[in-house]
Each structure stands twice: as C-alpha cells, then as structure tokens.
file data-v1.txt (compact mmCIF, N, CA, C and O atoms)
# COMPACT_ATOMS: atom_id res chain seq x y z
N ASP E 1 0.82 -1.21 0.00
CA ASP E 1 0.00 0.00 0.00
C ASP E 1 0.86 1.26 0.00
O ASP E 1 0.52 2.24 -0.66
N VAL E 2 1.95 1.22 0.77
CA VAL E 2 2.84 2.38 0.84
C VAL E 2 3.46 2.64 -0.53
O VAL E 2 3.50 3.78 -1.01
N GLN E 3 3.95 1.58 -1.18
CA GLN E 3 4.58 1.75 -2.49
C GLN E 3 3.56 2.20 -3.53
O GLN E 3 3.85 3.06 -4.36
N ARG E 4 2.37 1.66 -3.48
CA ARG E 4 1.31 2.06 -4.42
C ARG E 4 1.00 3.55 -4.27
O ARG E 4 0.85 4.27 -5.26
N ALA E 5 0.92 4.02 -3.04
CA ALA E 5 0.67 5.44 -2.79
C ALA E 5 1.83 6.31 -3.28
O ALA E 5 1.61 7.39 -3.84
N ARG E 6 3.05 5.82 -3.11
CA ARG E 6 4.23 6.56 -3.57
C ARG E 6 4.19 6.71 -5.10
O ARG E 6 4.40 7.80 -5.62
N TYR E 7 3.89 5.62 -5.80
CA TYR E 7 3.81 5.71 -7.26
C TYR E 7 2.65 6.60 -7.71
O TYR E 7 2.78 7.34 -8.69
N ALA E 8 1.54 6.56 -7.02
CA ALA E 8 0.40 7.41 -7.38
C ALA E 8 0.77 8.88 -7.25
O ALA E 8 0.41 9.69 -8.11
N GLU E 9 1.49 9.23 -6.20
CA GLU E 9 1.92 10.62 -6.01
C GLU E 9 2.89 11.04 -7.10
O GLU E 9 2.77 12.13 -7.67
N ARG E 10 3.85 10.19 -7.40
CA ARG E 10 4.82 10.50 -8.47
C ARG E 10 4.10 10.68 -9.80
O ARG E 10 4.42 11.59 -10.57
N ARG E 11 3.15 9.79 -10.07
CA ARG E 11 2.39 9.87 -11.31
C ARG E 11 1.67 11.20 -11.43
O ARG E 11 1.72 11.86 -12.46
N THR E 12 1.00 11.59 -10.37
CA THR E 12 0.27 12.86 -10.36
C THR E 12 1.20 14.04 -10.58
O THR E 12 0.90 14.93 -11.40
N LEU E 13 2.32 14.05 -9.88
CA LEU E 13 3.27 15.16 -10.02
C LEU E 13 3.78 15.27 -11.46
O LEU E 13 3.79 16.36 -12.04
N LEU E 14 4.21 14.15 -12.03
CA LEU E 14 4.74 14.18 -13.39
C LEU E 14 3.66 14.49 -14.42
O LEU E 14 3.89 15.27 -15.35
N LYS E 15 2.50 13.90 -14.25
CA LYS E 15 1.41 14.15 -15.21
C LYS E 15 1.05 15.64 -15.22
O LYS E 15 0.93 16.24 -16.29
N ASP E 16 0.91 16.23 -14.06
CA ASP E 16 0.57 17.66 -13.98
C ASP E 16 1.67 18.52 -14.59
O ASP E 16 1.39 19.46 -15.34
N ALA E 17 2.93 18.20 -14.29
CA ALA E 17 4.05 18.99 -14.81
C ALA E 17 4.14 18.86 -16.33
O ALA E 17 4.37 19.86 -17.04
N LEU E 18 3.97 17.66 -16.85
CA LEU E 18 4.02 17.47 -18.30
C LEU E 18 2.86 18.18 -18.98
O LEU E 18 3.05 18.83 -20.03
N THR E 19 1.69 18.12 -18.41
CA THR E 19 0.53 18.81 -18.99
C THR E 19 0.76 20.31 -19.02
O THR E 19 0.49 20.96 -20.04
N ARG E 20 1.27 20.86 -17.94
CA ARG E 20 1.57 22.31 -17.92
C ARG E 20 2.64 22.68 -18.95
O ARG E 20 2.66 23.81 -19.45
N ALA E 21 3.52 21.73 -19.28
CA ALA E 21 4.58 21.98 -20.26
C ALA E 21 4.11 21.73 -21.69
O ALA E 21 4.91 21.77 -22.62
N GLY E 22 2.83 21.46 -21.87
CA GLY E 22 2.28 21.33 -23.22
C GLY E 22 2.12 19.91 -23.73
O GLY E 22 1.85 19.71 -24.92
N PHE E 23 2.25 18.93 -22.87
CA PHE E 23 2.10 17.54 -23.27
C PHE E 23 0.66 17.08 -23.08
O PHE E 23 -0.07 17.62 -22.26
N ARG E 24 0.30 16.04 -23.82
CA ARG E 24 -0.95 15.31 -23.61
C ARG E 24 -0.55 13.91 -23.15
O ARG E 24 0.40 13.33 -23.67
N ILE E 25 -1.25 13.38 -22.18
CA ILE E 25 -0.98 12.05 -21.66
C ILE E 25 -2.05 11.10 -22.18
O ILE E 25 -3.24 11.34 -22.01
N ASP E 26 -1.61 10.03 -22.83
CA ASP E 26 -2.53 9.04 -23.42
C ASP E 26 -2.31 7.66 -22.79
O ASP E 26 -1.18 7.28 -22.51
N HIS E 27 -3.37 6.91 -22.64
CA HIS E 27 -3.32 5.49 -22.30
C HIS E 27 -2.30 5.16 -21.21
O HIS E 27 -1.43 4.32 -21.39
N SER E 28 -2.38 5.82 -20.08
CA SER E 28 -1.38 5.65 -19.03
C SER E 28 -1.99 5.24 -17.70
O SER E 28 -1.43 5.51 -16.64
N GLU E 29 -3.10 4.59 -17.73
CA GLU E 29 -3.75 4.17 -16.50
C GLU E 29 -3.11 2.89 -15.97
O GLU E 29 -2.91 1.93 -16.71
N GLY E 30 -2.77 2.87 -14.72
CA GLY E 30 -2.33 1.66 -14.05
C GLY E 30 -0.93 1.18 -14.38
O GLY E 30 -0.57 0.06 -14.05
N ALA E 31 -0.12 1.96 -15.02
CA ALA E 31 1.24 1.55 -15.36
C ALA E 31 2.25 2.29 -14.49
O ALA E 31 1.87 3.11 -13.64
N LEU E 32 3.51 2.01 -14.71
CA LEU E 32 4.58 2.70 -13.98
C LEU E 32 5.25 3.75 -14.86
O LEU E 32 6.38 4.13 -14.64
N TYR E 33 4.52 4.19 -15.86
CA TYR E 33 5.03 5.21 -16.76
C TYR E 33 3.87 6.01 -17.33
O TYR E 33 2.71 5.60 -17.24
N LEU E 34 4.21 7.13 -17.93
CA LEU E 34 3.24 7.96 -18.65
C LEU E 34 3.59 7.91 -20.13
O LEU E 34 4.77 7.94 -20.50
N TRP E 35 2.59 7.85 -20.96
CA TRP E 35 2.72 7.84 -22.41
C TRP E 35 2.37 9.25 -22.85
O TRP E 35 1.21 9.63 -22.86
N ALA E 36 3.39 10.05 -23.16
CA ALA E 36 3.20 11.50 -23.37
C ALA E 36 3.53 11.91 -24.80
O ALA E 36 4.40 11.33 -25.44
N THR E 37 2.84 12.94 -25.27
CA THR E 37 3.08 13.46 -26.61
C THR E 37 2.91 14.98 -26.65
O THR E 37 2.14 15.55 -25.88
N ARG E 38 3.65 15.58 -27.57
CA ARG E 38 3.45 16.99 -27.94
C ARG E 38 3.09 17.06 -29.42
O ARG E 38 3.25 18.09 -30.06
N ASN E 39 2.63 15.93 -29.96
CA ASN E 39 2.24 15.84 -31.38
C ASN E 39 3.37 16.21 -32.33
O ASN E 39 3.18 16.94 -33.30
N GLU E 40 4.55 15.69 -32.02
CA GLU E 40 5.72 15.88 -32.86
C GLU E 40 6.47 14.55 -32.89
O GLU E 40 6.18 13.65 -32.10
N PRO E 41 7.43 14.39 -33.79
CA PRO E 41 8.20 13.15 -33.79
C PRO E 41 8.82 12.89 -32.40
O PRO E 41 9.33 13.81 -31.76
N CYS E 42 8.75 11.65 -31.97
CA CYS E 42 9.19 11.33 -30.62
C CYS E 42 10.65 11.69 -30.36
O CYS E 42 11.00 12.10 -29.24
N LEU E 43 11.50 11.61 -31.37
CA LEU E 43 12.91 11.95 -31.15
C LEU E 43 13.09 13.44 -30.90
O LEU E 43 14.02 13.83 -30.17
N ASP E 44 12.23 14.27 -31.45
CA ASP E 44 12.27 15.70 -31.12
C ASP E 44 11.91 15.92 -29.66
O ASP E 44 12.52 16.74 -28.97
N THR E 45 10.92 15.18 -29.19
CA THR E 45 10.52 15.28 -27.78
C THR E 45 11.63 14.75 -26.88
O THR E 45 11.92 15.36 -25.83
N VAL E 46 12.25 13.65 -27.26
CA VAL E 46 13.37 13.11 -26.48
C VAL E 46 14.45 14.16 -26.34
O VAL E 46 14.98 14.39 -25.25
N ASP E 47 14.79 14.84 -27.44
CA ASP E 47 15.82 15.88 -27.41
C ASP E 47 15.42 17.04 -26.50
O ASP E 47 16.23 17.53 -25.71
N TRP E 48 14.18 17.49 -26.60
CA TRP E 48 13.69 18.61 -25.80
C TRP E 48 13.79 18.28 -24.31
O TRP E 48 14.24 19.09 -23.52
N LEU E 49 13.39 17.08 -23.95
CA LEU E 49 13.45 16.67 -22.54
C LEU E 49 14.90 16.47 -22.10
O LEU E 49 15.27 16.85 -20.98
N ALA E 50 15.74 15.90 -22.96
CA ALA E 50 17.15 15.69 -22.62
C ALA E 50 17.86 17.01 -22.35
O ALA E 50 18.72 17.09 -21.45
N GLU E 51 17.49 18.05 -23.10
CA GLU E 51 18.07 19.38 -22.85
C GLU E 51 17.75 19.87 -21.44
O GLU E 51 18.44 20.73 -20.90
N ARG E 52 16.72 19.33 -20.84
CA ARG E 52 16.31 19.69 -19.48
C ARG E 52 16.75 18.64 -18.46
O ARG E 52 16.34 18.68 -17.31
N GLY E 53 17.57 17.70 -18.90
CA GLY E 53 18.08 16.68 -18.00
C GLY E 53 17.09 15.59 -17.66
O GLY E 53 17.22 14.93 -16.62
N ILE E 54 16.10 15.38 -18.52
CA ILE E 54 15.07 14.37 -18.29
C ILE E 54 15.20 13.31 -19.38
O ILE E 54 15.05 13.60 -20.56
N LEU E 55 15.47 12.08 -18.96
CA LEU E 55 15.64 10.99 -19.89
C LEU E 55 14.35 10.18 -20.00
O LEU E 55 13.75 9.82 -18.99
N VAL E 56 13.95 9.91 -21.24
CA VAL E 56 12.73 9.15 -21.52
C VAL E 56 13.03 8.17 -22.64
O VAL E 56 14.05 8.26 -23.31
N ALA E 57 12.11 7.24 -22.86
CA ALA E 57 12.24 6.29 -23.97
C ALA E 57 11.40 6.78 -25.13
O ALA E 57 10.23 7.15 -24.95
N PRO E 58 11.96 6.78 -26.35
CA PRO E 58 11.17 7.16 -27.52
C PRO E 58 10.07 6.14 -27.77
O PRO E 58 10.29 4.93 -27.69
N GLY E 59 8.90 6.62 -28.09
CA GLY E 59 7.76 5.75 -28.33
C GLY E 59 7.95 4.79 -29.49
O GLY E 59 7.38 3.71 -29.49
N GLN E 60 8.77 5.17 -30.45
CA GLN E 60 8.97 4.29 -31.61
C GLN E 60 9.63 2.97 -31.20
O GLN E 60 9.54 1.99 -31.92
N PHE E 61 10.25 2.91 -30.03
CA PHE E 61 10.78 1.64 -29.52
C PHE E 61 9.67 0.61 -29.34
O PHE E 61 9.93 -0.58 -29.32
N TYR E 62 8.44 1.09 -29.16
CA TYR E 62 7.31 0.23 -28.85
C TYR E 62 6.37 0.03 -30.04
O TYR E 62 5.27 -0.46 -29.88
N GLY E 63 6.82 0.43 -31.21
CA GLY E 63 6.04 0.23 -32.42
C GLY E 63 5.67 1.53 -33.09
O GLY E 63 5.85 2.62 -32.53
N SER E 64 5.13 1.43 -34.28
CA SER E 64 4.82 2.62 -35.08
C SER E 64 3.76 3.51 -34.43
O SER E 64 3.76 4.73 -34.66
N ALA E 65 2.89 2.96 -33.61
CA ALA E 65 1.87 3.77 -32.94
C ALA E 65 2.50 4.76 -31.95
O ALA E 65 1.86 5.74 -31.58
N GLY E 66 3.75 4.53 -31.56
CA GLY E 66 4.42 5.41 -30.62
C GLY E 66 5.30 6.47 -31.26
O GLY E 66 6.08 7.13 -30.58
N ALA E 67 5.16 6.66 -32.55
CA ALA E 67 6.05 7.58 -33.28
C ALA E 67 6.02 9.01 -32.77
O ALA E 67 6.99 9.75 -32.95
N GLN E 68 4.94 9.41 -32.10
CA GLN E 68 4.85 10.77 -31.57
C GLN E 68 4.74 10.79 -30.04
O GLN E 68 4.36 11.81 -29.47
N HIS E 69 5.12 9.70 -29.41
CA HIS E 69 5.02 9.61 -27.96
C HIS E 69 6.38 9.30 -27.33
O HIS E 69 7.27 8.78 -27.99
N VAL E 70 6.49 9.61 -26.06
CA VAL E 70 7.62 9.17 -25.25
C VAL E 70 7.08 8.48 -24.02
O VAL E 70 5.95 8.75 -23.58
N ARG E 71 7.88 7.59 -23.48
CA ARG E 71 7.50 6.85 -22.27
C ARG E 71 8.29 7.46 -21.12
O ARG E 71 9.52 7.43 -21.11
N VAL E 72 7.56 8.03 -20.15
CA VAL E 72 8.16 8.69 -19.00
C VAL E 72 7.90 7.82 -17.78
O VAL E 72 6.76 7.74 -17.30
N ALA E 73 8.94 7.17 -17.27
CA ALA E 73 8.78 6.31 -16.10
C ALA E 73 8.75 7.15 -14.83
O ALA E 73 9.40 8.19 -14.74
N PHE E 74 7.98 6.68 -13.84
CA PHE E 74 8.01 7.35 -12.54
C PHE E 74 8.50 6.41 -11.46
O PHE E 74 8.05 6.43 -10.32
N THR E 75 9.50 5.62 -11.84
CA THR E 75 10.12 4.69 -10.90
C THR E 75 11.40 5.25 -10.28
O THR E 75 12.03 4.57 -9.47
N ALA E 76 11.78 6.45 -10.64
CA ALA E 76 12.94 7.10 -10.03
C ALA E 76 12.60 7.49 -8.59
O ALA E 76 11.46 7.39 -8.16
N THR E 77 13.59 7.97 -7.88
CA THR E 77 13.36 8.38 -6.49
C THR E 77 12.48 9.62 -6.44
O THR E 77 12.36 10.36 -7.42
N ASP E 78 11.90 9.87 -5.28
CA ASP E 78 11.08 11.08 -5.10
C ASP E 78 11.89 12.34 -5.41
O ASP E 78 11.37 13.29 -6.01
N GLU E 79 13.16 12.34 -5.03
CA GLU E 79 14.01 13.51 -5.28
C GLU E 79 14.22 13.73 -6.78
O GLU E 79 14.18 14.88 -7.25
N ARG E 80 14.42 12.67 -7.52
CA ARG E 80 14.61 12.82 -8.97
C ARG E 80 13.31 13.22 -9.67
O ARG E 80 13.33 13.98 -10.63
N ILE E 81 12.21 12.71 -9.20
CA ILE E 81 10.91 13.11 -9.75
C ILE E 81 10.69 14.60 -9.50
O ILE E 81 10.29 15.34 -10.41
N ALA E 82 10.97 15.04 -8.29
CA ALA E 82 10.82 16.47 -7.96
C ALA E 82 11.72 17.34 -8.82
O ALA E 82 11.31 18.41 -9.28
N ALA E 83 12.94 16.87 -9.09
CA ALA E 83 13.85 17.62 -9.96
C ALA E 83 13.31 17.71 -11.38
O ALA E 83 13.37 18.78 -12.01
N ALA E 84 12.75 16.62 -11.88
CA ALA E 84 12.17 16.63 -13.23
C ALA E 84 10.98 17.59 -13.30
O ALA E 84 10.85 18.35 -14.25
N VAL E 85 10.15 17.57 -12.27
CA VAL E 85 9.00 18.47 -12.22
C VAL E 85 9.48 19.92 -12.24
O VAL E 85 8.93 20.76 -12.97
N ALA E 86 10.51 20.22 -11.47
CA ALA E 86 11.05 21.59 -11.43
C ALA E 86 11.62 22.00 -12.79
O ALA E 86 11.41 23.13 -13.25
N ARG E 87 12.31 21.08 -13.45
CA ARG E 87 12.89 21.40 -14.77
C ARG E 87 11.81 21.63 -15.80
O ARG E 87 11.97 22.47 -16.68
N LEU E 88 10.71 20.90 -15.72
CA LEU E 88 9.61 21.09 -16.66
C LEU E 88 8.95 22.45 -16.47
O LEU E 88 8.39 23.00 -17.41
N ALA E 89 9.02 22.98 -15.27
CA ALA E 89 8.38 24.26 -14.98
C ALA E 89 9.23 25.45 -15.46
O ALA E 89 8.72 26.57 -15.52
N GLN E 90 10.47 25.22 -15.79
CA GLN E 90 11.36 26.33 -16.20
C GLN E 90 11.11 26.75 -17.62
O GLN E 90 10.72 26.03 -18.45
call {"tool": "encode", "arguments": {"input": "data-v1.txt", "output": "structure tokens"}}
result
Amino acid sequence: DVQRARYAERRTLLKDALTRAGFRIDHSEGALYLWATRNEPCLDTVDWLAERGILVAPGQFYGSAGAQHVRVAFTATDERIAAAVARLAQ
C-alpha cells in the first residue's frame, strides 16, 4: 500500500508537470510510466526533454503507434521526480 501510494503521487506530479509543459498524456492508467506526446516526432521530444536533464524512452521503440510519444517512467526516487517536475516548470 505504501509503495502504491508513492507511485500514485509521483504519477500525479509528473502528469501535472508534463501537462503544464504542453504535453498530452494518453493510455497511461495503471502503469509505472506515462505515455506522453506533444504531437511531434518522438525523437524531437526526447531531445527537448534531454536538454532539461530528463531521460525518456522514444515511443517508436514500442512500435509505429508510438512515433509521436515518449515513455516517461516514474520509478525514479522522489528527489529525482521532484527535480524533473522543477525542470519542466522552467
């Protein structure tokens, strides 16, 4: 229960930060990651996030349907999640 609550909090923090940064979150219920898009090629999104020190997986790794998505895991520590949220707000 404690771990489930921890992941739920991380998910909420990242989802809100990504949404404020112009992302849309798709099909991300019940997983340990968010499936995010800015409606651009996923490698452009990977680059944009990497410039902010946030590493994600390109959606194309998971098939052609992911060509405009990135996979953002929330399995990092609370401190790293908070740092990512802060970077997205800049």
call {"tool": "residues_around", "arguments": {"input": "data-v1.txt", "residues": "segment 72-87 of chain E", "least_positions_apart": "4", "cutoff": "8 Å", "atoms": "only C-alpha atoms", "output": "PyMOL selection string"}}
result
chain E and resi 7+10-11+13-14+17-18+32-36+52-57
call {"tool": "select_by_dssp", "arguments": {"input": "data-v1.txt", "residues": "chain E", "states": "helix (DSSP H, G or I)", "output": "ChimeraX atom specification"}}
result
/E:2-20,42-50,59-62,64-66,78-89
call {"tool": "atom_distance", "arguments": {"input": "data-v1.txt", "atom1": "atom CA of Val46 of chain E", "atom2": "atom CA of Ala5 of chain E"}}
result
28.0 Å
call {"tool": "closest_residue", "arguments": {"input": "data-v1.txt", "among": "E:Ala67, E:Ala89, E:Ala21, E:Val2", "to": "Asp44 of chain E", "atoms": "all atoms listed in the file"}}
result
E:Ala67
call {"tool": "closest_residue", "arguments": {"input": "data-v1.txt", "among": "E:Asp1, E:Gly59, E:Thr19, E:Arg24", "to": "Cys42 of chain E", "atoms": "only C-alpha atoms"}}
result
E:Gly59
call {"tool": "atom_distance", "arguments": {"input": "data-v1.txt", "atom1": "atom N of Leu88 of chain E", "atom2": "atom C of Tyr62 of chain E"}}
result
25.7 Å
call {"tool": "atom_distance", "arguments": {"input": "data-v1.txt", "atom1": "atom CA of Val70 of chain E", "atom2": "atom CA of Ala31 of chain E"}}
result
14.0 Å
call {"tool": "select_by_dssp", "arguments": {"input": "data-v1.txt", "residues": "chain E", "states": "strand (DSSP E)", "output": "PyMOL selection string"}}
result
chain E and resi 24-26+33-37+57-58+69-73
call {"tool": "write_last_selection", "arguments": {"input": "data-v1.txt", "atoms": "N, CA, C and O atoms", "output": "mmCIF file, keeping the file's coordinate frame"}}
result
data_model
loop_
_atom_site.group_PDB
_atom_site.id
_atom_site.type_symbol
_atom_site.label_atom_id
_atom_site.label_comp_id
_atom_site.auth_asym_id
_atom_site.auth_seq_id
_atom_site.Cartn_x
_atom_site.Cartn_y
_atom_site.Cartn_z
ATOM 1 N N ARG E 24 0.300 16.040 -23.820
ATOM 2 C CA ARG E 24 -0.950 15.310 -23.610
ATOM 3 C C ARG E 24 -0.550 13.910 -23.150
ATOM 4 O O ARG E 24 0.400 13.330 -23.670
ATOM 5 N N ILE E 25 -1.250 13.380 -22.180
ATOM 6 C CA ILE E 25 -0.980 12.050 -21.660
ATOM 7 C C ILE E 25 -2.050 11.100 -22.180
ATOM 8 O O ILE E 25 -3.240 11.340 -22.010
ATOM 9 N N ASP E 26 -1.610 10.030 -22.830
ATOM 10 C CA ASP E 26 -2.530 9.040 -23.420
ATOM 11 C C ASP E 26 -2.310 7.660 -22.790
ATOM 12 O O ASP E 26 -1.180 7.280 -22.510
ATOM 13 N N TYR E 33 4.520 4.190 -15.860
ATOM 14 C CA TYR E 33 5.030 5.210 -16.760
ATOM 15 C C TYR E 33 3.870 6.010 -17.330
ATOM 16 O O TYR E 33 2.710 5.600 -17.240
ATOM 17 N N LEU E 34 4.210 7.130 -17.930
ATOM 18 C CA LEU E 34 3.240 7.960 -18.650
ATOM 19 C C LEU E 34 3.590 7.910 -20.130
ATOM 20 O O LEU E 34 4.770 7.940 -20.500
ATOM 21 N N TRP E 35 2.590 7.850 -20.960
ATOM 22 C CA TRP E 35 2.720 7.840 -22.410
ATOM 23 C C TRP E 35 2.370 9.250 -22.850
ATOM 24 O O TRP E 35 1.210 9.630 -22.860
ATOM 25 N N ALA E 36 3.390 10.050 -23.160
ATOM 26 C CA ALA E 36 3.200 11.500 -23.370
ATOM 27 C C ALA E 36 3.530 11.910 -24.800
ATOM 28 O O ALA E 36 4.400 11.330 -25.440
ATOM 29 N N THR E 37 2.840 12.940 -25.270
ATOM 30 C CA THR E 37 3.080 13.460 -26.610
ATOM 31 C C THR E 37 2.910 14.980 -26.650
ATOM 32 O O THR E 37 2.140 15.550 -25.880
ATOM 33 N N ALA E 57 12.110 7.240 -22.860
ATOM 34 C CA ALA E 57 12.240 6.290 -23.970
ATOM 35 C C ALA E 57 11.400 6.780 -25.130
ATOM 36 O O ALA E 57 10.230 7.150 -24.950
ATOM 37 N N PRO E 58 11.960 6.780 -26.350
ATOM 38 C CA PRO E 58 11.170 7.160 -27.520
ATOM 39 C C PRO E 58 10.070 6.140 -27.770
ATOM 40 O O PRO E 58 10.290 4.930 -27.690
ATOM 41 N N HIS E 69 5.120 9.700 -29.410
ATOM 42 C CA HIS E 69 5.020 9.610 -27.960
ATOM 43 C C HIS E 69 6.380 9.300 -27.330
ATOM 44 O O HIS E 69 7.270 8.780 -27.990
ATOM 45 N N VAL E 70 6.490 9.610 -26.060
ATOM 46 C CA VAL E 70 7.620 9.170 -25.250
ATOM 47 C C VAL E 70 7.080 8.480 -24.020
ATOM 48 O O VAL E 70 5.950 8.750 -23.580
ATOM 49 N N ARG E 71 7.880 7.590 -23.480
ATOM 50 C CA ARG E 71 7.500 6.850 -22.270
ATOM 51 C C ARG E 71 8.290 7.460 -21.120
ATOM 52 O O ARG E 71 9.520 7.430 -21.110
ATOM 53 N N VAL E 72 7.560 8.030 -20.150
ATOM 54 C CA VAL E 72 8.160 8.690 -19.000
ATOM 55 C C VAL E 72 7.900 7.820 -17.780
ATOM 56 O O VAL E 72 6.760 7.740 -17.300
ATOM 57 N N ALA E 73 8.940 7.170 -17.270
ATOM 58 C CA ALA E 73 8.780 6.310 -16.100
ATOM 59 C C ALA E 73 8.750 7.150 -14.830
ATOM 60 O O ALA E 73 9.400 8.190 -14.740
#
call {"tool": "residues_around", "arguments": {"input": "data-v1.txt", "residues": "Glu40 of chain E", "least_positions_apart": "2", "cutoff": "7 Å", "atoms": "only N, CA, C and O atoms", "output": "VMD selection string"}}
result
chain E and resid 37 to 38 42 to 45 66 to 69
call {"tool": "write_last_selection", "arguments": {"input": "data-v1.txt", "atoms": "N, CA, C and O atoms", "output": "PDB file, in the frame of the given file"}}
result
ATOM      1  N   THR E  37       2.840  12.940 -25.270  1.00  0.00           N
ATOM      2  CA  THR E  37       3.080  13.460 -26.610  1.00  0.00           C
ATOM      3  C   THR E  37       2.910  14.980 -26.650  1.00  0.00           C
ATOM      4  O   THR E  37       2.140  15.550 -25.880  1.00  0.00           O
ATOM      5  N   ARG E  38       3.650  15.580 -27.570  1.00  0.00           N
ATOM      6  CA  ARG E  38       3.450  16.990 -27.940  1.00  0.00           C
ATOM      7  C   ARG E  38       3.090  17.060 -29.420  1.00  0.00           C
ATOM      8  O   ARG E  38       3.250  18.090 -30.060  1.00  0.00           O
ATOM      9  N   CYS E  42       8.750  11.650 -31.970  1.00  0.00           N
ATOM     10  CA  CYS E  42       9.190  11.330 -30.620  1.00  0.00           C
ATOM     11  C   CYS E  42      10.650  11.690 -30.360  1.00  0.00           C
ATOM     12  O   CYS E  42      11.000  12.100 -29.240  1.00  0.00           O
ATOM     13  N   LEU E  43      11.500  11.610 -31.370  1.00  0.00           N
ATOM     14  CA  LEU E  43      12.910  11.950 -31.150  1.00  0.00           C
ATOM     15  C   LEU E  43      13.090  13.440 -30.900  1.00  0.00           C
ATOM     16  O   LEU E  43      14.020  13.830 -30.170  1.00  0.00           O
ATOM     17  N   ASP E  44      12.230  14.270 -31.450  1.00  0.00           N
ATOM     18  CA  ASP E  44      12.270  15.700 -31.120  1.00  0.00           C
ATOM     19  C   ASP E  44      11.910  15.920 -29.660  1.00  0.00           C
ATOM     20  O   ASP E  44      12.520  16.740 -28.970  1.00  0.00           O
ATOM     21  N   THR E  45      10.920  15.180 -29.190  1.00  0.00           N
ATOM     22  CA  THR E  45      10.520  15.280 -27.780  1.00  0.00           C
ATOM     23  C   THR E  45      11.630  14.750 -26.880  1.00  0.00           C
ATOM     24  O   THR E  45      11.920  15.360 -25.830  1.00  0.00           O
ATOM     25  N   GLY E  66       3.750   4.530 -31.560  1.00  0.00           N
ATOM     26  CA  GLY E  66       4.420   5.410 -30.620  1.00  0.00           C
ATOM     27  C   GLY E  66       5.300   6.470 -31.260  1.00  0.00           C
ATOM     28  O   GLY E  66       6.080   7.130 -30.580  1.00  0.00           O
ATOM     29  N   ALA E  67       5.160   6.660 -32.550  1.00  0.00           N
ATOM     30  CA  ALA E  67       6.050   7.580 -33.280  1.00  0.00           C
ATOM     31  C   ALA E  67       6.020   9.010 -32.770  1.00  0.00           C
ATOM     32  O   ALA E  67       6.990   9.750 -32.950  1.00  0.00           O
ATOM     33  N   GLN E  68       4.940   9.410 -32.100  1.00  0.00           N
ATOM     34  CA  GLN E  68       4.850  10.770 -31.570  1.00  0.00           C
ATOM     35  C   GLN E  68       4.740  10.790 -30.040  1.00  0.00           C
ATOM     36  O   GLN E  68       4.360  11.810 -29.470  1.00  0.00           O
ATOM     37  N   HIS E  69       5.120   9.700 -29.410  1.00  0.00           N
ATOM     38  CA  HIS E  69       5.020   9.610 -27.960  1.00  0.00           C
ATOM     39  C   HIS E  69       6.380   9.300 -27.330  1.00  0.00           C
ATOM     40  O   HIS E  69       7.270   8.780 -27.990  1.00  0.00           O
TER      41      HIS E  69
END
